[in-house]
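Structure file input-v6.csv with CSV, C-alpha atoms:
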chain,number,residue,atom,x,y,z
H,1,MET,CA,75.2,37.3,-14.1
H,2,LEU,CA,73.4,39.8,-16.4
H,3,ASN,CA,71.9,42.8,-14.8
H,4,ALA,CA,68.3,43.9,-15.3
H,5,GLN,CA,69.0,46.2,-18.2
H,6,GLN,CA,71.0,43.5,-20.1
H,7,HIS,CA,68.3,41.0,-19.6
H,8,VAL,CA,65.7,43.3,-21.0
H,9,HIS,CA,67.7,44.1,-24.1
H,10,THR,CA,68.7,40.5,-24.8
H,11,ASN,CA,65.1,39.2,-24.5
H,12,SER,CA,63.5,39.1,-27.9
H,13,SER,CA,60.0,38.6,-26.5
H,14,PHE,CA,60.4,41.8,-24.5
H,15,ARG,CA,61.5,43.7,-27.6
H,16,SER,CA,58.6,42.5,-29.6
H,17,ASN,CA,56.1,43.5,-26.9
H,18,ILE,CA,57.4,47.1,-26.6
H,19,ALA,CA,57.4,47.5,-30.4
H,20,ASN,CA,53.6,47.1,-30.4
H,21,SER,CA,52.5,50.7,-30.5
H,22,GLU,CA,48.7,49.8,-30.6
H,23,TYR,CA,48.7,50.1,-26.8
H,24,GLU,CA,49.3,53.2,-24.8
H,25,GLU,CA,51.1,51.1,-22.2
H,26,VAL,CA,52.5,47.6,-22.6
H,27,LEU,CA,53.5,45.5,-19.5
H,28,ALA,CA,56.0,42.8,-20.3
H,29,GLU,CA,57.0,40.1,-17.8
H,30,TYR,CA,60.3,38.2,-18.0
H,31,TYR,CA,61.5,35.7,-15.3
H,32,PRO,CA,65.1,34.6,-15.9
H,33,ALA,CA,66.1,31.6,-13.8
H,34,GLU,CA,68.7,33.6,-11.9
H,35,TYR,CA,66.2,36.1,-10.5
H,36,GLU,CA,63.1,35.9,-8.4
H,37,GLY,CA,61.3,38.1,-10.8
H,38,LEU,CA,61.7,41.0,-13.2
H,39,VAL,CA,59.1,43.4,-14.7
H,40,ALA,CA,59.7,45.9,-17.4
H,41,GLU,CA,57.4,48.7,-18.4
H,42,TYR,CA,57.3,50.6,-21.6
H,43,HIS,CA,55.2,53.8,-22.1
H,44,SER,CA,54.7,54.4,-25.8
H,45,THR,CA,53.5,57.9,-25.3
H,46,GLU,CA,56.9,58.9,-23.9
H,47,TYR,CA,59.0,56.7,-26.2
H,48,GLU,CA,61.2,55.6,-23.3
H,49,GLU,CA,61.9,52.3,-21.6
H,50,VAL,CA,61.5,51.9,-17.9
H,51,ILE,CA,62.9,49.1,-15.9
H,52,ALA,CA,61.5,48.1,-12.5
H,53,GLU,CA,63.9,46.3,-10.3
H,54,TYR,CA,63.3,44.4,-7.1
H,55,HIS,CA,66.1,44.3,-4.5
H,56,SER,CA,65.9,41.9,-1.6
H,57,THR,CA,69.2,42.8,0.1
H,58,GLU,CA,69.2,41.0,3.4
H,59,LYS,CA,65.6,40.1,2.8
H,60,GLN,CA,64.6,43.8,2.8
H,61,LEU,CA,62.1,45.2,0.4
H,62,PHE,CA,63.1,48.1,-1.8
H,63,PHE,CA,61.3,49.5,-4.8
H,64,SER,CA,63.0,51.5,-7.5
H,65,ILE,CA,62.5,52.6,-11.1
H,66,LYS,CA,65.3,53.3,-13.5
H,67,THR,CA,64.8,55.4,-16.6
H,68,VAL,CA,67.0,53.9,-19.2
H,69,LYS,CA,67.5,57.2,-21.2
H,70,GLY,CA,68.6,59.1,-18.1
H,71,PRO,CA,70.6,58.6,-14.9
H,72,SER,CA,68.0,59.6,-12.4
H,73,TRP,CA,66.3,57.1,-10.1
H,74,ARG,CA,62.8,57.6,-8.8
H,75,PHE,CA,61.4,55.9,-5.8
H,76,ALA,CA,58.0,54.3,-6.6
H,77,SER,CA,55.4,52.1,-4.9
H,78,ILE,CA,55.6,49.2,-7.3
H,79,ILE,CA,56.8,45.7,-6.9
H,80,ALA,CA,58.7,43.5,-9.4
H,81,TYR,CA,55.5,41.6,-10.1
H,82,GLN,CA,52.1,43.1,-10.6
H,83,GLU,CA,49.1,41.7,-12.4
H,84,ARG,CA,47.0,44.8,-13.3
H,85,GLY,CA,44.2,45.1,-10.7
H,86,ARG,CA,44.8,41.9,-8.8
H,87,ASP,CA,47.0,43.4,-6.2
H,88,ILE,CA,44.6,46.2,-5.0
H,89,LEU,CA,43.6,45.9,-1.4
H,90,ASP,CA,40.6,47.7,0.1
H,91,MET,CA,42.2,48.4,3.4
H,92,ARG,CA,41.1,51.4,5.5
H,93,PHE,CA,41.1,52.7,9.0
H,94,SER,CA,38.5,51.1,11.2
H,95,ARG,CA,35.7,53.4,12.3
H,96,THR,CA,34.5,51.1,15.0
H,97,ALA,CA,38.0,50.5,16.5
H,98,LEU,CA,38.7,54.3,16.6
H,99,HIS,CA,39.4,55.9,20.0
H,100,LYS,CA,36.3,57.8,21.2
H,101,ASN,CA,38.3,61.2,21.3
H,102,MET,CA,39.9,60.8,17.8
H,103,PHE,CA,38.5,61.8,14.4
H,104,ILE,CA,38.1,60.0,11.1
H,105,SER,CA,37.2,61.0,7.5
H,106,ALA,CA,34.0,59.9,5.8
H,107,ASP,CA,35.9,57.4,3.6
H,108,ASN,CA,37.9,56.0,6.5
H,109,THR,CA,41.3,56.9,5.0
H,110,ILE,CA,42.3,59.8,7.3
H,111,ILE,CA,42.5,60.0,11.1
H,112,SER,CA,43.5,63.0,13.2
H,113,ASN,CA,43.8,63.9,16.9
H,114,VAL,CA,41.8,67.1,16.3
H,115,LEU,CA,38.7,68.0,14.3
H,116,THR,CA,39.7,69.1,10.7
H,117,ASN,CA,38.0,69.8,7.4
H,118,ASP,CA,38.6,66.2,6.5
H,119,THR,CA,37.6,64.4,9.7
H,120,SER,CA,34.8,64.2,12.2
H,121,SER,CA,34.0,62.1,15.3
H,122,SER,CA,32.6,58.6,15.0
H,123,ALA,CA,29.5,57.5,16.9
H,124,ASP,CA,30.8,53.9,16.5
H,125,ALA,CA,34.2,54.5,18.1
H,126,GLN,CA,34.9,51.8,20.7
H,127,LEU,CA,38.5,52.0,21.8
H,128,LYS,CA,39.0,53.5,25.3
H,129,ASN,CA,42.8,53.4,25.7
H,130,TYR,CA,44.6,53.2,22.4
H,131,LYS,CA,44.8,56.7,21.0
H,132,GLY,CA,44.1,55.9,17.4
H,133,THR,CA,42.7,53.0,15.5
H,134,ILE,CA,43.6,49.8,13.6
H,135,SER,CA,43.1,48.9,10.0
H,136,ASP,CA,39.9,47.0,8.9
H,137,HIS,CA,42.2,44.3,7.4
H,138,CYS,CA,44.2,42.1,9.7
H,139,VAL,CA,47.1,40.1,8.3
H,140,GLY,CA,47.0,36.4,7.7
H,141,ASP,CA,49.8,34.0,8.3
H,142,ASN,CA,50.9,33.8,4.7
H,143,GLU,CA,50.1,37.3,3.5
H,144,LEU,CA,52.3,40.0,1.9
H,145,ILE,CA,50.8,43.4,2.6
H,146,TYR,CA,52.1,46.8,1.4
H,147,TYR,CA,50.7,50.2,2.3
H,148,GLU,CA,51.7,53.9,2.6
H,149,VAL,CA,51.0,56.4,5.3
H,150,ASN,CA,51.1,60.2,4.7
H,151,TYR,CA,51.7,62.1,7.9
H,152,THR,CA,51.5,65.7,8.9
H,153,TYR,CA,52.1,67.2,12.3
H,154,THR,CA,52.2,70.8,13.6
H,155,ILE,CA,53.5,71.7,17.0
H,156,LEU,CA,51.3,74.3,18.8
H,157,LYS,CA,52.9,74.2,22.2
H,158,ALA,CA,56.5,73.5,22.9
H,159,LEU,CA,57.1,69.8,23.6
H,160,THR,CA,58.7,69.2,27.0
H,161,GLY,CA,59.2,66.0,29.0
H,162,ASP,CA,58.0,62.8,27.2
H,163,ASN,CA,55.6,63.5,24.4
H,164,LEU,CA,54.4,61.0,21.8
H,165,VAL,CA,53.5,62.4,18.3
H,166,LEU,CA,52.4,59.5,16.2
H,167,GLU,CA,52.7,55.7,15.9
H,168,ILE,CA,52.5,53.2,13.0
H,169,GLY,CA,52.8,49.6,14.1
H,170,LEU,CA,51.6,46.0,14.1
H,171,ALA,CA,49.8,44.4,17.1
H,172,GLU,CA,47.7,41.6,18.2
H,173,ARG,CA,44.1,42.6,17.9
H,174,SER,CA,43.1,41.4,21.3
H,175,LYS,CA,45.8,43.6,23.0
H,176,VAL,CA,45.5,46.8,21.1
H,177,ASP,CA,43.3,48.6,23.7
H,178,GLN,CA,45.3,47.6,26.7
H,179,TYR,CA,47.4,50.8,26.6
H,180,HIS,CA,47.5,54.2,24.8
H,181,TYR,CA,50.4,53.2,22.5
H,182,GLY,CA,51.5,49.9,21.0
H,183,GLY,CA,55.2,50.1,22.1
H,184,ASN,CA,54.2,49.5,25.7
H,185,ASN,CA,54.9,46.0,27.1
H,186,ASN,CA,51.1,45.5,27.8
H,187,VAL,CA,50.5,45.6,24.0
H,188,SER,CA,53.8,44.3,22.7
H,189,ALA,CA,53.3,45.8,19.3
H,190,TRP,CA,56.1,46.2,16.7
H,191,SER,CA,56.0,50.0,16.9
H,192,PHE,CA,57.5,52.8,14.8
H,193,ASN,CA,56.8,56.0,16.7
H,194,LEU,CA,57.8,59.6,16.7
H,195,ALA,CA,58.3,61.1,20.2
H,196,LYS,CA,60.1,63.7,22.2
H,197,ARG,CA,61.8,62.1,25.2
H,198,SER,CA,62.6,64.0,28.3
H,199,ASN,CA,66.4,63.9,27.9
H,200,ILE,CA,66.5,64.8,24.2
H,201,ASP,CA,65.4,68.2,22.8
H,202,SER,CA,64.2,66.9,19.4
H,203,VAL,CA,61.5,64.7,18.0
H,204,TYR,CA,63.0,61.3,17.1
H,205,MET,CA,61.8,58.2,15.4
H,206,TYR,CA,62.0,55.0,17.5
H,207,ALA,CA,61.5,51.3,16.8
H,208,GLU,CA,60.0,49.5,19.8
H,209,TYR,CA,59.0,46.0,20.7
H,210,ARG,CA,58.3,45.0,24.3
H,211,VAL,CA,61.0,46.5,26.5
H,212,ASN,CA,63.5,46.9,23.6
H,213,TRP,CA,63.7,50.2,21.7
H,214,LYS,CA,66.1,51.7,19.2
H,215,THR,CA,66.6,55.3,18.2
H,216,LEU,CA,66.4,55.5,14.4
H,217,ARG,CA,66.7,59.1,13.3
H,218,SER,CA,66.1,62.7,14.3
H,219,PHE,CA,62.9,64.1,12.8
H,220,SER,CA,62.2,67.7,13.9
H,221,LYS,CA,62.7,70.4,16.4
H,222,THR,CA,60.2,70.7,19.3
H,223,THR,CA,59.5,74.4,18.9
H,224,VAL,CA,56.1,76.1,18.3
H,225,GLY,CA,55.3,76.4,14.7
H,226,THR,CA,57.3,73.4,13.5
H,227,ASN,CA,55.3,71.7,10.6
H,228,ILE,CA,56.4,68.3,9.3
H,229,HIS,CA,54.9,66.2,6.6
H,230,GLY,CA,55.9,63.2,4.5
H,231,LYS,CA,55.2,59.6,3.6
H,232,PHE,CA,56.1,56.2,5.1
H,233,LYS,CA,56.0,53.0,3.2
H,234,LEU,CA,55.3,49.8,5.1
H,235,PHE,CA,55.6,46.1,4.1
H,236,ILE,CA,54.4,43.2,6.2
H,237,ASN,CA,55.9,39.8,5.1
H,238,ARG,CA,54.3,37.0,7.1
H,239,ARG,CA,56.2,34.4,5.1
H,240,ARG,CA,59.5,35.8,6.4
H,241,ASN,CA,57.9,37.2,9.6
H,242,GLU,CA,59.2,40.7,8.9
H,243,PHE,CA,57.7,44.2,9.2
H,244,LEU,CA,59.6,47.0,7.6
H,245,MET,CA,59.4,50.7,7.0
H,246,THR,CA,61.0,52.8,4.2
H,247,GLN,CA,61.2,56.5,3.5
H,248,ASP,CA,62.9,58.5,0.8
H,249,ASP,CA,64.6,55.6,-1.0
H,250,SER,CA,66.0,54.0,2.2
H,251,ILE,CA,65.0,51.4,4.6
H,252,ILE,CA,64.5,52.8,8.1
H,253,HIS,CA,64.2,49.6,10.0
H,254,VAL,CA,63.1,45.9,9.7
H,255,PHE,CA,61.5,44.1,12.6
H,256,LYS,CA,62.2,40.4,12.4
H,257,ASN,CA,60.6,37.4,14.1
H,258,VAL,CA,57.2,39.0,13.8
H,259,THR,CA,55.2,36.1,15.0
H,260,SER,CA,52.0,35.7,17.1
H,261,THR,CA,49.4,33.2,18.1
H,262,GLY,CA,46.8,36.0,17.8
H,263,LYS,CA,45.4,38.0,14.9
H,264,LEU,CA,47.9,40.8,13.8
H,265,CYS,CA,46.5,44.1,12.7
H,266,PRO,CA,48.2,47.4,11.6
H,267,ILE,CA,47.8,50.1,14.2
H,268,PHE,CA,47.9,53.9,13.9
H,269,GLY,CA,48.2,56.3,16.8
H,270,VAL,CA,47.9,60.1,17.0
H,271,TYR,CA,48.8,61.8,20.3
H,272,ASN,CA,48.8,65.0,22.5
H,273,PRO,CA,46.2,67.1,20.7
H,274,TYR,CA,46.8,70.1,23.0
H,275,ARG,CA,50.4,70.3,22.0
H,276,VAL,CA,50.6,68.9,18.5
H,277,HIS,CA,48.1,68.5,15.7
H,278,VAL,CA,48.6,65.2,13.9
H,279,LYS,CA,47.0,63.7,10.8
H,280,LEU,CA,47.6,60.3,9.1
H,281,GLN,CA,46.3,59.2,5.7
H,282,LEU,CA,46.3,55.6,4.6
H,283,MET,CA,47.1,55.2,0.9
H,284,ASN,CA,47.8,52.6,-1.8
H,285,PRO,CA,47.3,49.4,0.1
H,286,ARG,CA,48.3,46.3,-1.9
H,287,ASN,CA,48.1,42.6,-1.4
H,288,PHE,CA,51.1,40.8,-3.0
H,289,THR,CA,50.3,37.4,-1.6
H,290,ASN,CA,49.8,36.0,-5.1
H,291,TYR,CA,53.3,37.0,-6.1
H,292,PRO,CA,55.2,33.8,-7.0
H,293,TRP,CA,58.1,34.2,-4.4

How would this structure read if it were set down as structure tokens?
Amino acid sequence: MLNAQQHVHTNSSFRSNIANSEYEEVLAEYYPAEYEGLVAEYHSTEYEEVIAEYHSTEKQLFFSIKTVKGPSWRFASIIAYQERGRDILDMRFSRTALHKNMFISADNTIISNVLTNDTSSSADAQLKNYKGTISDHCVGDNELIYYEVNYTYTILKALTGDNLVLEIGLAERSKVDQYHYGGNNNVSAWSFNLAKRSNIDSVYMYAEYRVNWKTLRSFSKTTVGTNIHGKFKLFINRRRNEFLMTQDDSIIHVFKNVTSTGKLCPIFGVYNPYRVHVKLQLMNPRNFTNYPW
């Protein structure tokens, strides 16, 4: 089977498209029978070819871009099929579903557990137990939803005992406010969370669903002054009933059998404001439901 680069260079229609220098950027689509999909991009201002490849190893989503004229690989939030403008999703944090003691930005893209220059309290906040909010877009049975979350946390007081830091998950809308975080059995969310547990002297990432949890990786120290920031990339695939998270070119974890009789919504938690200041920013939401899988 030809690889992606060989397909691009043996496809005459692709070569004719990238030769057209009238356009600043030409997007060429080519779908060989052996592949689910392939998209190649050419930027005429840089005079280099870029190949976007989609990998579905073990049905997991991974995005990468390879620059043909160099060996470097860059992680990118693109998918192997994209009709310009059609995939954009106006998904934001819900102001009304916010916990009454949390804070949100004017454009509903940032939440925090303390007042910041970006956030303020919401008079419309309704949640009483869940320490965060949900998105204003819940996920339908057949939808493919992608989004990114920038996170920042700074430890102000040493974390001892059990301390949650943040959570990103997926939960039934009707159960979200039954507990302060989704990983609890009362909520039964599919939860990625950062926490310090009593028997471990570090902040770790965990994957939780009902009474089952898995330690994924060490994240930071628990000492005063520790400042951590980065980006998570999430993909909800209701066709395969999967919910996955990636970071830094690698897949952290995939929840499988993500099914529910209720409405499923992304959830976002920020915790322990007297010990750690936490901020989450929702970015680049995309709806890939129209992709011809």

Minimum-distance residue to Met245 in chain H, chosen among H:Phe103, H:Phe192, H:Tyr206, H:Tyr181 (using only C-alpha atoms):
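With only C-alpha atoms as the atom set, the closest residue is H:Phe192.
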
Restricting the calculation to all atoms listed in the file: of H:Tyr209, H:Tyr147, H:Tyr291, H:Phe235, which residue gets closest to Asn193 in chain H?
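For Asn193 in chain H, the nearest of the candidates is H:Tyr209.
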
Please compute the CA of Ser174 in chain H-CA of Thr215 in chain H distance, one decimal, in Å.
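Between CA of Ser174 in chain H and CA of Thr215 in chain H the gap works out to 27.5 Å.
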
Can you measure CA of Leu282 in chain H to CA of Phe93 in chain H for me? One decimal in Å is fine.
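These atoms are spaced 7.4 Å apart.
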
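For Asn199 in chain H, the residues within 12 Å (counting only C-alpha atoms, excluding itself and residues fewer than 4 positions away along the chain) are Leu159, Thr160, Gly161, Asp162, Asn163, Ala195, Val203 and Tyr204 of chain H.
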
Using 12 Å as the limit and counting all atoms listed in the file, can you tabulate each residue of range 208-291 of chain H that touches range 169-172 of chain H, with its shortest atom-to-atom distance in Å and the two atoms involved, as JSON lines?
{"residue": "H:Glu208", "atom": "CA", "partner": "H:Gly169", "partner_atom": "CA", "distance": 9.2}
{"residue": "H:Tyr209", "atom": "CA", "partner": "H:Gly169", "partner_atom": "CA", "distance": 9.7}
{"residue": "H:Arg210", "atom": "CA", "partner": "H:Ala171", "partner_atom": "CA", "distance": 11.2}
{"residue": "H:Phe232", "atom": "CA", "partner": "H:Gly169", "partner_atom": "CA", "distance": 11.6}
{"residue": "H:Lys233", "atom": "CA", "partner": "H:Gly169", "partner_atom": "CA", "distance": 11.9}
{"residue": "H:Leu234", "atom": "CA", "partner": "H:Gly169", "partner_atom": "CA", "distance": 9.3}
{"residue": "H:Phe235", "atom": "CA", "partner": "H:Leu170", "partner_atom": "CA", "distance": 10.8}
{"residue": "H:Ile236", "atom": "CA", "partner": "H:Leu170", "partner_atom": "CA", "distance": 8.8}
{"residue": "H:Asn237", "atom": "CA", "partner": "H:Leu170", "partner_atom": "CA", "distance": 11.7}
{"residue": "H:Arg238", "atom": "CA", "partner": "H:Leu170", "partner_atom": "CA", "distance": 11.7}
{"residue": "H:Asn241", "atom": "CA", "partner": "H:Leu170", "partner_atom": "CA", "distance": 11.7}
{"residue": "H:Glu242", "atom": "CA", "partner": "H:Leu170", "partner_atom": "CA", "distance": 10.6}
{"residue": "H:Phe243", "atom": "CA", "partner": "H:Leu170", "partner_atom": "CA", "distance": 8.0}
{"residue": "H:Leu244", "atom": "CA", "partner": "H:Gly169", "partner_atom": "CA", "distance": 9.8}
{"residue": "H:Met245", "atom": "CA", "partner": "H:Gly169", "partner_atom": "CA", "distance": 9.8}
{"residue": "H:Val254", "atom": "CA", "partner": "H:Gly169", "partner_atom": "CA", "distance": 11.8}
{"residue": "H:Phe255", "atom": "CA", "partner": "H:Leu170", "partner_atom": "CA", "distance": 10.2}
{"residue": "H:Val258", "atom": "CA", "partner": "H:Leu170", "partner_atom": "CA", "distance": 9.0}
{"residue": "H:Thr259", "atom": "CA", "partner": "H:Glu172", "partner_atom": "CA", "distance": 9.8}
{"residue": "H:Ser260", "atom": "CA", "partner": "H:Glu172", "partner_atom": "CA", "distance": 7.4}
{"residue": "H:Thr261", "atom": "CA", "partner": "H:Glu172", "partner_atom": "CA", "distance": 8.6}
{"residue": "H:Gly262", "atom": "CA", "partner": "H:Glu172", "partner_atom": "CA", "distance": 5.7}
{"residue": "H:Lys263", "atom": "CA", "partner": "H:Glu172", "partner_atom": "CA", "distance": 5.4}
{"residue": "H:Leu264", "atom": "CA", "partner": "H:Glu172", "partner_atom": "CA", "distance": 4.5}
{"residue": "H:Cys265", "atom": "CA", "partner": "H:Ala171", "partner_atom": "CA", "distance": 5.5}
{"residue": "H:Pro266", "atom": "CA", "partner": "H:Leu170", "partner_atom": "CA", "distance": 4.4}
{"residue": "H:Ile267", "atom": "CA", "partner": "H:Gly169", "partner_atom": "CA", "distance": 5.0}
{"residue": "H:Phe268", "atom": "CA", "partner": "H:Gly169", "partner_atom": "CA", "distance": 6.5}
{"residue": "H:Gly269", "atom": "CA", "partner": "H:Gly169", "partner_atom": "CA", "distance": 8.6}
{"residue": "H:Val270", "atom": "CA", "partner": "H:Gly169", "partner_atom": "CA", "distance": 11.9}

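Pairwise distance (CA of Leu164 in chain H, CA of Ile228 in chain H) equals 14.6 Å.
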
Interface rows for range 137-167 of chain H against range 105-118 of chain H: nearest pair, Å to one decimal, 12 Å, all atoms listed in the file, as a Markdown table:
| residue | atom | partner | partner_atom | distance |
| --- | --- | --- | --- | --- |
| H:Tyr147 | CA | H:Thr109 | CA | 11.9 |
| H:Glu148 | CA | H:Thr109 | CA | 11.1 |
| H:Val149 | CA | H:Ile110 | CA | 9.6 |
| H:Asn150 | CA | H:Ile110 | CA | 9.2 |
| H:Tyr151 | CA | H:Ile110 | CA | 9.7 |
| H:Thr152 | CA | H:Ser112 | CA | 9.5 |
| H:Tyr153 | CA | H:Ser112 | CA | 9.6 |
| H:Thr154 | CA | H:Asn113 | CA | 11.4 |
| H:Val165 | CA | H:Asn113 | CA | 9.9 |
| H:Leu166 | CA | H:Asn113 | CA | 9.7 |

Which of these, H:Arg240, H:Cys138, H:Thr119, H:Tyr146, has the shortest distance to Asp87 in chain H once you count all atoms listed in the file?
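Of the candidates, the smallest distance to Asp87 in chain H is held by H:Tyr146.
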
Residue among H:Leu144, H:Ile104, H:Val278, H:Ala97 lying closest to Arg239 in chain H, counting all atoms listed in the file
H:Leu144

Can you take the partial range 199-208 of chain H, add all heavy atoms, and return it as a PDB file, keeping the file's coordinate frame?
ATOM      1  N   ASN H 199      65.004  63.533  27.903  1.00  0.00           N
ATOM      2  CA  ASN H 199      66.400  63.900  27.900  1.00  0.00           C
ATOM      3  C   ASN H 199      66.937  64.303  26.527  1.00  0.00           C
ATOM      4  O   ASN H 199      68.146  64.486  26.337  1.00  0.00           O
ATOM      5  CB  ASN H 199      67.249  62.697  28.407  1.00  0.00           C
ATOM      6  CG  ASN H 199      67.052  61.450  27.561  1.00  0.00           C
ATOM      7  OD1 ASN H 199      66.030  61.316  26.887  1.00  0.00           O
ATOM      8  ND2 ASN H 199      68.015  60.538  27.589  1.00  0.00           N
ATOM      9  N   ILE H 200      66.049  64.458  25.547  1.00  0.00           N
ATOM     10  CA  ILE H 200      66.500  64.800  24.200  1.00  0.00           C
ATOM     11  C   ILE H 200      65.558  65.981  23.713  1.00  0.00           C
ATOM     12  O   ILE H 200      64.332  65.901  23.791  1.00  0.00           O
ATOM     13  CB  ILE H 200      66.326  63.645  23.213  1.00  0.00           C
ATOM     14  CG1 ILE H 200      67.204  62.480  23.682  1.00  0.00           C
ATOM     15  CG2 ILE H 200      66.713  64.064  21.797  1.00  0.00           C
ATOM     16  CD1 ILE H 200      67.067  61.240  22.830  1.00  0.00           C
ATOM     17  N   ASP H 201      66.168  67.036  23.184  1.00  0.00           N
ATOM     18  CA  ASP H 201      65.400  68.200  22.800  1.00  0.00           C
ATOM     19  C   ASP H 201      65.065  68.185  21.293  1.00  0.00           C
ATOM     20  O   ASP H 201      65.249  69.174  20.578  1.00  0.00           O
ATOM     21  CB  ASP H 201      66.189  69.478  23.126  1.00  0.00           C
ATOM     22  CG  ASP H 201      65.321  70.730  23.023  1.00  0.00           C
ATOM     23  OD1 ASP H 201      64.094  70.601  23.171  1.00  0.00           O
ATOM     24  OD2 ASP H 201      65.869  71.820  22.769  1.00  0.00           O
ATOM     25  N   SER H 202      64.590  67.052  20.812  1.00  0.00           N
ATOM     26  CA  SER H 202      64.200  66.900  19.400  1.00  0.00           C
ATOM     27  C   SER H 202      63.120  65.794  19.360  1.00  0.00           C
ATOM     28  O   SER H 202      63.028  64.954  20.262  1.00  0.00           O
ATOM     29  CB  SER H 202      65.332  66.538  18.506  1.00  0.00           C
ATOM     30  OG  SER H 202      66.287  67.564  18.450  1.00  0.00           O
ATOM     31  N   VAL H 203      62.343  65.782  18.282  1.00  0.00           N
ATOM     32  CA  VAL H 203      61.500  64.700  18.000  1.00  0.00           C
ATOM     33  C   VAL H 203      62.275  63.620  17.232  1.00  0.00           C
ATOM     34  O   VAL H 203      62.890  63.939  16.201  1.00  0.00           O
ATOM     35  CB  VAL H 203      60.234  65.086  17.176  1.00  0.00           C
ATOM     36  CG1 VAL H 203      59.410  63.862  16.759  1.00  0.00           C
ATOM     37  CG2 VAL H 203      59.369  66.059  17.965  1.00  0.00           C
ATOM     38  N   TYR H 204      62.302  62.408  17.739  1.00  0.00           N
ATOM     39  CA  TYR H 204      63.000  61.300  17.100  1.00  0.00           C
ATOM     40  C   TYR H 204      62.079  60.203  16.710  1.00  0.00           C
ATOM     41  O   TYR H 204      60.981  60.085  17.249  1.00  0.00           O
ATOM     42  CB  TYR H 204      64.089  60.742  18.059  1.00  0.00           C
ATOM     43  CG  TYR H 204      65.429  61.429  18.004  1.00  0.00           C
ATOM     44  CD1 TYR H 204      65.621  62.659  18.622  1.00  0.00           C
ATOM     45  CD2 TYR H 204      66.505  60.861  17.324  1.00  0.00           C
ATOM     46  CE1 TYR H 204      66.847  63.305  18.578  1.00  0.00           C
ATOM     47  CE2 TYR H 204      67.740  61.493  17.273  1.00  0.00           C
ATOM     48  CZ  TYR H 204      67.901  62.710  17.900  1.00  0.00           C
ATOM     49  OH  TYR H 204      69.123  63.338  17.851  1.00  0.00           O
ATOM     50  N   MET H 205      62.528  59.393  15.758  1.00  0.00           N
ATOM     51  CA  MET H 205      61.800  58.200  15.400  1.00  0.00           C
ATOM     52  C   MET H 205      62.440  57.014  16.191  1.00  0.00           C
ATOM     53  O   MET H 205      63.669  56.894  16.248  1.00  0.00           O
ATOM     54  CB  MET H 205      61.806  57.862  13.947  1.00  0.00           C
ATOM     55  CG  MET H 205      61.330  56.452  13.616  1.00  0.00           C
ATOM     56  SD  MET H 205      61.031  56.172  11.861  1.00  0.00           S
ATOM     57  CE  MET H 205      59.365  56.781  11.734  1.00  0.00           C
ATOM     58  N   TYR H 206      61.567  56.156  16.750  1.00  0.00           N
ATOM     59  CA  TYR H 206      62.000  55.000  17.500  1.00  0.00           C
ATOM     60  C   TYR H 206      61.352  53.736  16.964  1.00  0.00           C
ATOM     61  O   TYR H 206      60.220  53.778  16.466  1.00  0.00           O
ATOM     62  CB  TYR H 206      61.676  55.144  18.985  1.00  0.00           C
ATOM     63  CG  TYR H 206      62.291  56.354  19.632  1.00  0.00           C
ATOM     64  CD1 TYR H 206      61.608  57.561  19.668  1.00  0.00           C
ATOM     65  CD2 TYR H 206      63.561  56.296  20.201  1.00  0.00           C
ATOM     66  CE1 TYR H 206      62.173  58.690  20.256  1.00  0.00           C
ATOM     67  CE2 TYR H 206      64.133  57.408  20.792  1.00  0.00           C
ATOM     68  CZ  TYR H 206      63.436  58.604  20.817  1.00  0.00           C
ATOM     69  OH  TYR H 206      64.004  59.715  21.401  1.00  0.00           O
ATOM     70  N   ALA H 207      62.064  52.619  17.080  1.00  0.00           N
ATOM     71  CA  ALA H 207      61.500  51.300  16.800  1.00  0.00           C
ATOM     72  C   ALA H 207      61.411  50.584  18.163  1.00  0.00           C
ATOM     73  O   ALA H 207      62.422  50.481  18.870  1.00  0.00           O
ATOM     74  CB  ALA H 207      62.368  50.512  15.852  1.00  0.00           C
ATOM     75  N   GLU H 208      60.219  50.111  18.525  1.00  0.00           N
ATOM     76  CA  GLU H 208      60.000  49.500  19.800  1.00  0.00           C
ATOM     77  C   GLU H 208      59.318  48.151  19.712  1.00  0.00           C
ATOM     78  O   GLU H 208      58.405  47.989  18.914  1.00  0.00           O
ATOM     79  CB  GLU H 208      59.206  50.395  20.755  1.00  0.00           C
ATOM     80  CG  GLU H 208      59.892  51.670  21.172  1.00  0.00           C
ATOM     81  CD  GLU H 208      59.122  52.398  22.249  1.00  0.00           C
ATOM     82  OE1 GLU H 208      58.824  51.794  23.301  1.00  0.00           O
ATOM     83  OE2 GLU H 208      58.794  53.585  22.039  1.00  0.00           O
TER      84      GLU H 208
END
